[in-house]
Amino acid sequence: MKVSLNWLADYIDLTGISVDEIVHRLTMSGLEVEDLINQREIYKDFVVGFVKEKKKHPNADKLSVCIVNDGLNDLQVVCGAPNVEAGQKVVFAPVGCTIPKGNFKLSKAKIRGVESFGMICAEDELELSDDHSGIMILNPELKEGTPVTEALSLNDVIIEVAITPNRPDALSHIGIARDLSALFNREMKVIFPQTKESKTAVTGFASVEILDQVNCPRYVAKVVRNVEIKDSPEWMKKRLINIGLRPINNLVDVTNYVMAEFGQPLHAFDLKLLAKNKIVVRSTTEKSKFTTLDSKERELPAGTLMICDGEKEVAIAGVMGGENSEIKADTKDILIESAYFNPSSIRRTSKSLMLSTESSYRFERGVDPSGTRTAAERAAQLIAEVSCGEILNGVIDVYPSKIESKLTKLRYSRITKILGYSVPENKIKQILSRLGFEIAEEKADELLIKIPTFRPDIEREIDLIEEIARIDGYDNIPAVPKISVSLDKKYDESEFSDKLRNIATGLGLYELVTNPLQSEKTSSLIGKRIQILNPQSFDMNNLRTSLIPGNLMVISQNIKYGEKDLALFEIGNVFNKKVENDIKSFEDFDEDSKMIISLTGRINKKSWNTPEKFYDFYLLKGIVDDFISKILLDNVSIDLYNSTENSVYEFQLTKSLNNRILGAGGKIKNNVLKQFDIEQDVFCFEFDLNVLRDIPSSQKKFKEPLRYPKVNRDFAFIFEKSISAKEITDFIQSEGNELLKSVKLFDLFESKSLGENNKSLAFALEFYSEERTLTEEEVEKEFNRLIELVCKKFKSTLRGK
């Protein structure tokens, strides 16, 4: 944003402070100065010239040879402008002068055989405008030789400040002046509009109704009658030009002037074009079309906040007015709009229309809801002055639910602790007061601060401490002479994730990273989506609820490029809403860490000695088992297979440990794959890293190889189907003596020959001792004992008798 130092002088006296000091202090306080235009320096060598004589160039049809007097000498100048004539007062650049456009130094030149000792300048060459239709013709009353800085009042300093998104209050001259007031401890002059109003009440000429109070909390309107549309006065045009705004006419220029002054965007409607002299603020319920001031028909999405009259839409709220209510040469009565719109609503509209204006730029960052009335009255005052209009008595101010100022505690001791040095109490109060904060209550070590509504970025005590630090000067924060570093082992949050990455890459998987912001359709596939308040686009307006959709998008993109064989993994956070209504606190949603393994295509390509093999459910399970085994070590997870379909999987595998689910996965349903244009099978497994991280990891230990041989036995029994394999395994393990080391189920067989309600289960038993070699007799004795116990306990029959 461009700021004029001459304009700033209306609000603060900066006498005795150099431009360099102003630039330095602003930048160090967080308002970075990106560019500086010192007109006094740029135009110091330009003077008013008098064209004494003009004649045709002997060697060029479109050139003229002029004699120009610079107040001291008559100089020959070759000029190509079609409008140059003898007797004119012009802007003359003598030899040695630096021309702003192109930044080149002027020297004596010979043009088509005729010497030229200077240049007669056009506005664009001076970078005063884009006009290059001819030379700049000055007031004939000006005396030749007068410096242009004096003749055209080109004595301003323009600074371009980079305003961060959290500082909407600084998008105005008053906002910058407020910071300068605090930085240099100078009094700030407050502007109170002095309006001379007629006896006619404004309520008899216009009315305002707000139907969408969420997106338009406040709407202020003033009416000025019998205005005369004409050019603005020179002082106003000059100020607007200096900050990069193009003068149009007195009414439009006033709205731009007040916006640059207060930071409050305004809009002026032709009152006779407003049906029923009424303003209605509402949001659209369906897609529609609307023609804006630039004569372009735009397609509006549902939910666009609109300004309407009694019958039709007349403006896109906070973005641009409509062609059907614009100010024209015959306009006599106007309605001035000064409103506060919900920033997220304006940002959403601006992004969807791909239309950014000076107004939307400010509204989407947040204007001051308490300043709308003052800005409207200031605009009415200026319009009455520059157009001889009549201001109707009163103001229409619709403000259903007042936006109250927040209160925040500020402790002196906390300031000292955070900054590392003590700031005097009176200086703290002075800084806060200069910045517009109000001390609501004062205690021994504590202040209760009332935060002005023009500072939406200030919410907590730490924000106030930052304000004190930046105004007092970051240079005052003392340097730390030494830093003590503890050699204690620190907790590394990335250690676990890095371990998982190493395991996954060791299994032949490739890592990918996807965007956590997704479209509404994609994020609705799984879980309860969370909508972003200020999305950058409709494709990124929701937080992801699972890693699956992002992986499917990557797989789809790779397949389109011919890469069909993929083994991938990703680690990331997912977000799910816990409540049905809008989120009001961190308790209303979950943020979980997840890891996903995705497989599709072939694991082996066909070759002379290897058959072609595709990824399937069993390969997914094998990779998952390998992955888990490297984390859990001696811990044993439990598998649960579910053939019932859900929203994503045709059938799925769930891994659990100690009644906590480690993760789930399976074959993705075909109708889900079609949404991503995938025509081949995809298998995914998603881990819950919060659960995996909580599992106590067994330490790796050296285990001495067994010195004595093992003895293996197996038996098979016919059981009732109601008896589980785990129940039998646990019984055998518990009844066996110290020589029985392992019991594993290795076969399940069902047949009508066994009976309708029977099944055959076969178990492998492993016997050994770490101290001696077992004898055949002792193993057989224990083996036969277990057979008798199983038969008796479960009323089973030993097979193969």
# chains A, B, ... in the order shown; residues from 1 in each chain; ligands from 1
$ residues_around --residues "Gly755 of chain A" --least-positions-apart "3" --cutoff "12 Å" --atoms "only C-alpha atoms" --output "list in words"
Ile718, Phe719, Glu720, Lys721, Phe749, Glu750, Ser751, Lys752, Asn758, Lys759 and Ser760 of chain A
$ select_by_dssp --residues "segment 216-360 of chain A" --states "strand (DSSP E or B)" --output "VMD selection string"
chain A and resid 218 to 225 267 to 270 278 to 283 288 to 292 297 to 300 305 to 308 313 to 316 320 to 322 334 to 340
$ select_by_dssp --residues "segment 306-471 of chain A" --states "helix (DSSP H, G or I)" --output "MDAnalysis selection string"
chainID A and resid 323:325 343:353 358:363 372:387 412:419 425:434 461:471
$ closest_residue --among "A:Asp539, A:Glu326, A:Asp13, A:Glu591" --to "Ser352 of chain A" --atoms "only C-alpha atoms"
A:Asp539
$ residues_around --residues "Pro400 of chain A" --least-positions-apart "2" --cutoff "9 Å" --atoms "only C-alpha atoms" --output "PDB file with N, CA and C atoms, in the first residue's frame"
ATOM      1  N   ILE A 210     -31.349  -5.886   6.501  1.00  0.00           N
ATOM      2  CA  ILE A 210     -30.330  -6.927   6.431  1.00  0.00           C
ATOM      3  C   ILE A 210     -30.999  -8.276   6.668  1.00  0.00           C
ATOM      4  N   GLN A 213     -27.652 -11.508   8.480  1.00  0.00           N
ATOM      5  CA  GLN A 213     -26.955 -10.774   9.524  1.00  0.00           C
ATOM      6  C   GLN A 213     -25.621 -11.413   9.900  1.00  0.00           C
ATOM      7  N   PRO A 217     -23.003  -7.917   9.442  1.00  0.00           N
ATOM      8  CA  PRO A 217     -23.431  -7.510  10.793  1.00  0.00           C
ATOM      9  C   PRO A 217     -23.833  -6.036  10.901  1.00  0.00           C
ATOM     10  N   ARG A 218     -23.287  -5.170  10.009  1.00  0.00           N
ATOM     11  CA  ARG A 218     -23.613  -3.741  10.122  1.00  0.00           C
ATOM     12  C   ARG A 218     -23.649  -3.098   8.743  1.00  0.00           C
ATOM     13  N   VAL A 398     -28.004   0.207  10.534  1.00  0.00           N
ATOM     14  CA  VAL A 398     -28.603  -1.073  10.923  1.00  0.00           C
ATOM     15  C   VAL A 398     -27.491  -1.937  11.515  1.00  0.00           C
ATOM     16  N   LYS A 402     -24.336  -5.894  18.080  1.00  0.00           N
ATOM     17  CA  LYS A 402     -23.109  -5.109  18.157  1.00  0.00           C
ATOM     18  C   LYS A 402     -21.901  -5.998  18.424  1.00  0.00           C
TER      19      LYS A 402
END
$ closest_residue --among "A:Ser433, A:Glu297, A:Asn215, A:Pro709" --to "Ile346 of chain A" --atoms "only C-alpha atoms"
A:Asn215
$ residues_around --residues "Tyr421 of chain A" --least-positions-apart "5" --cutoff "10 Å" --atoms "only C-alpha atoms" --output "tab-separated table (two decimals) with C-alpha atoms, in the first residue's frame"
chain	number	residue	atom	x	y	z
A	415	ILE	CA	6.15	-8.69	29.91
A	416	THR	CA	9.51	-8.77	31.70
A	476	ASN	CA	16.15	-3.10	23.02
A	477	ILE	CA	15.84	-6.81	23.68
A	478	PRO	CA	19.16	-7.65	25.38
$ closest_residue --among "A:Gly134, A:Gly71, A:Pro265, A:Gly145" --to "Val220 of chain A" --atoms "only C-alpha atoms"
A:Pro265
$ atom_distance --atom1 "atom CA of Glu299 of chain A" --atom2 "atom CA of Pro343 of chain A"
20.7 Å
$ residues_around --residues "segment 360-365 of chain A" --least-positions-apart "2" --cutoff "9 Å" --atoms "only C-alpha atoms" --output "MDAnalysis selection string"
chainID A and resid 165:168 171 263:265 317:320 340:348 350 355:358 367
$ atom_distance --atom1 "atom CA of Asn249 of chain A" --atom2 "atom CA of Met236 of chain A"
10.6 Å
$ residues_around --residues "Ser129 of chain A" --least-positions-apart "6" --cutoff "10 Å" --atoms "only C-alpha atoms" --output "list in words"
Ala122, Glu123, Ile241, Asn242, Gly244, Leu245 and Arg246 of chain A
$ write_last_selection --atoms "all heavy atoms" --output "PDB file, in the first residue's frame"
ATOM      1  N   ALA A 122       6.260  14.501 -21.410  1.00  0.00           N
ATOM      2  CA  ALA A 122       4.856  14.080 -21.295  1.00  0.00           C
ATOM      3  C   ALA A 122       4.648  13.507 -19.894  1.00  0.00           C
ATOM      4  O   ALA A 122       5.596  13.230 -19.151  1.00  0.00           O
ATOM      5  CB  ALA A 122       4.543  13.029 -22.353  1.00  0.00           C
ATOM      6  N   GLU A 123       3.373  13.299 -19.524  1.00  0.00           N
ATOM      7  CA  GLU A 123       3.059  12.829 -18.172  1.00  0.00           C
ATOM      8  C   GLU A 123       3.635  11.444 -17.898  1.00  0.00           C
ATOM      9  O   GLU A 123       4.121  11.169 -16.802  1.00  0.00           O
ATOM     10  CB  GLU A 123       1.542  12.822 -17.951  1.00  0.00           C
ATOM     11  CG  GLU A 123       0.941  14.209 -17.827  1.00  0.00           C
ATOM     12  CD  GLU A 123      -0.523  14.173 -17.417  1.00  0.00           C
ATOM     13  OE1 GLU A 123      -0.989  13.095 -16.993  1.00  0.00           O
ATOM     14  OE2 GLU A 123      -1.197  15.205 -17.511  1.00  0.00           O
ATOM     15  N   ILE A 241      -3.502  10.396  -7.107  1.00  0.00           N
ATOM     16  CA  ILE A 241      -2.487  10.011  -8.091  1.00  0.00           C
ATOM     17  C   ILE A 241      -1.204   9.579  -7.390  1.00  0.00           C
ATOM     18  O   ILE A 241      -0.568   8.585  -7.765  1.00  0.00           O
ATOM     19  CB  ILE A 241      -2.211  11.176  -9.069  1.00  0.00           C
ATOM     20  CG1 ILE A 241      -3.417  11.384  -9.999  1.00  0.00           C
ATOM     21  CG2 ILE A 241      -0.959  10.900  -9.892  1.00  0.00           C
ATOM     22  CD1 ILE A 241      -3.325  12.643 -10.836  1.00  0.00           C
ATOM     23  N   ASN A 242      -0.830  10.319  -6.343  1.00  0.00           N
ATOM     24  CA  ASN A 242       0.414  10.008  -5.631  1.00  0.00           C
ATOM     25  C   ASN A 242       0.409   8.611  -5.016  1.00  0.00           C
ATOM     26  O   ASN A 242       1.460   7.983  -4.877  1.00  0.00           O
ATOM     27  CB  ASN A 242       0.669  11.048  -4.540  1.00  0.00           C
ATOM     28  CG  ASN A 242       1.233  12.343  -5.107  1.00  0.00           C
ATOM     29  OD1 ASN A 242       1.656  12.398  -6.262  1.00  0.00           O
ATOM     30  ND2 ASN A 242       1.246  13.395  -4.301  1.00  0.00           N
ATOM     31  N   GLY A 244      -1.282   6.089  -6.323  1.00  0.00           N
ATOM     32  CA  GLY A 244      -1.531   5.101  -7.365  1.00  0.00           C
ATOM     33  C   GLY A 244      -2.980   4.907  -7.752  1.00  0.00           C
ATOM     34  O   GLY A 244      -3.311   3.928  -8.426  1.00  0.00           O
ATOM     35  N   LEU A 245      -3.886   5.814  -7.344  1.00  0.00           N
ATOM     36  CA  LEU A 245      -5.300   5.706  -7.704  1.00  0.00           C
ATOM     37  C   LEU A 245      -5.622   6.704  -8.802  1.00  0.00           C
ATOM     38  O   LEU A 245      -5.178   7.858  -8.770  1.00  0.00           O
ATOM     39  CB  LEU A 245      -6.197   5.948  -6.489  1.00  0.00           C
ATOM     40  CG  LEU A 245      -6.072   4.918  -5.344  1.00  0.00           C
ATOM     41  CD1 LEU A 245      -6.960   5.323  -4.176  1.00  0.00           C
ATOM     42  CD2 LEU A 245      -6.438   3.529  -5.829  1.00  0.00           C
ATOM     43  N   ARG A 246      -6.423   6.284  -9.773  1.00  0.00           N
ATOM     44  CA  ARG A 246      -6.759   7.137 -10.923  1.00  0.00           C
ATOM     45  C   ARG A 246      -8.020   7.957 -10.631  1.00  0.00           C
ATOM     46  O   ARG A 246      -9.070   7.394 -10.324  1.00  0.00           O
ATOM     47  CB  ARG A 246      -6.989   6.268 -12.158  1.00  0.00           C
ATOM     48  CG  ARG A 246      -7.329   7.035 -13.425  1.00  0.00           C
ATOM     49  CD  ARG A 246      -7.334   6.089 -14.616  1.00  0.00           C
ATOM     50  NE  ARG A 246      -8.334   5.052 -14.465  1.00  0.00           N
ATOM     51  CZ  ARG A 246      -9.602   5.162 -14.893  1.00  0.00           C
ATOM     52  NH1 ARG A 246     -10.003   6.266 -15.492  1.00  0.00           N
ATOM     53  NH2 ARG A 246     -10.441   4.169 -14.727  1.00  0.00           N
TER      54      ARG A 246
END
$ closest_residue --among "A:Leu138, A:Leu500, A:Val648, A:Leu509" --to "Pro549 of chain A" --atoms "only C-alpha atoms"
A:Val648
$ atom_distance --atom1 "atom CA of Pro424 of chain A" --atom2 "atom CA of Asp169 of chain A"
26.5 Å
$ closest_residue --among "A:Glu385, A:Glu782, A:Glu144, A:Glu323" --to "Ser232 of chain A" --atoms "only C-alpha atoms"
A:Glu385
$ closest_residue --among "A:Leu293, A:Val157, A:Leu106, A:Ile22" --to "Arg40 of chain A" --atoms "only C-alpha atoms"
A:Val157
$ residues_around --residues "Val258 of chain A" --least-positions-apart "2" --cutoff "12 Å" --atoms "only C-alpha atoms" --output "MDAnalysis selection string"
chainID A and resid 171:174 191 193 236 239:240 251:256 260:267 336 338 359 371:372 374:383
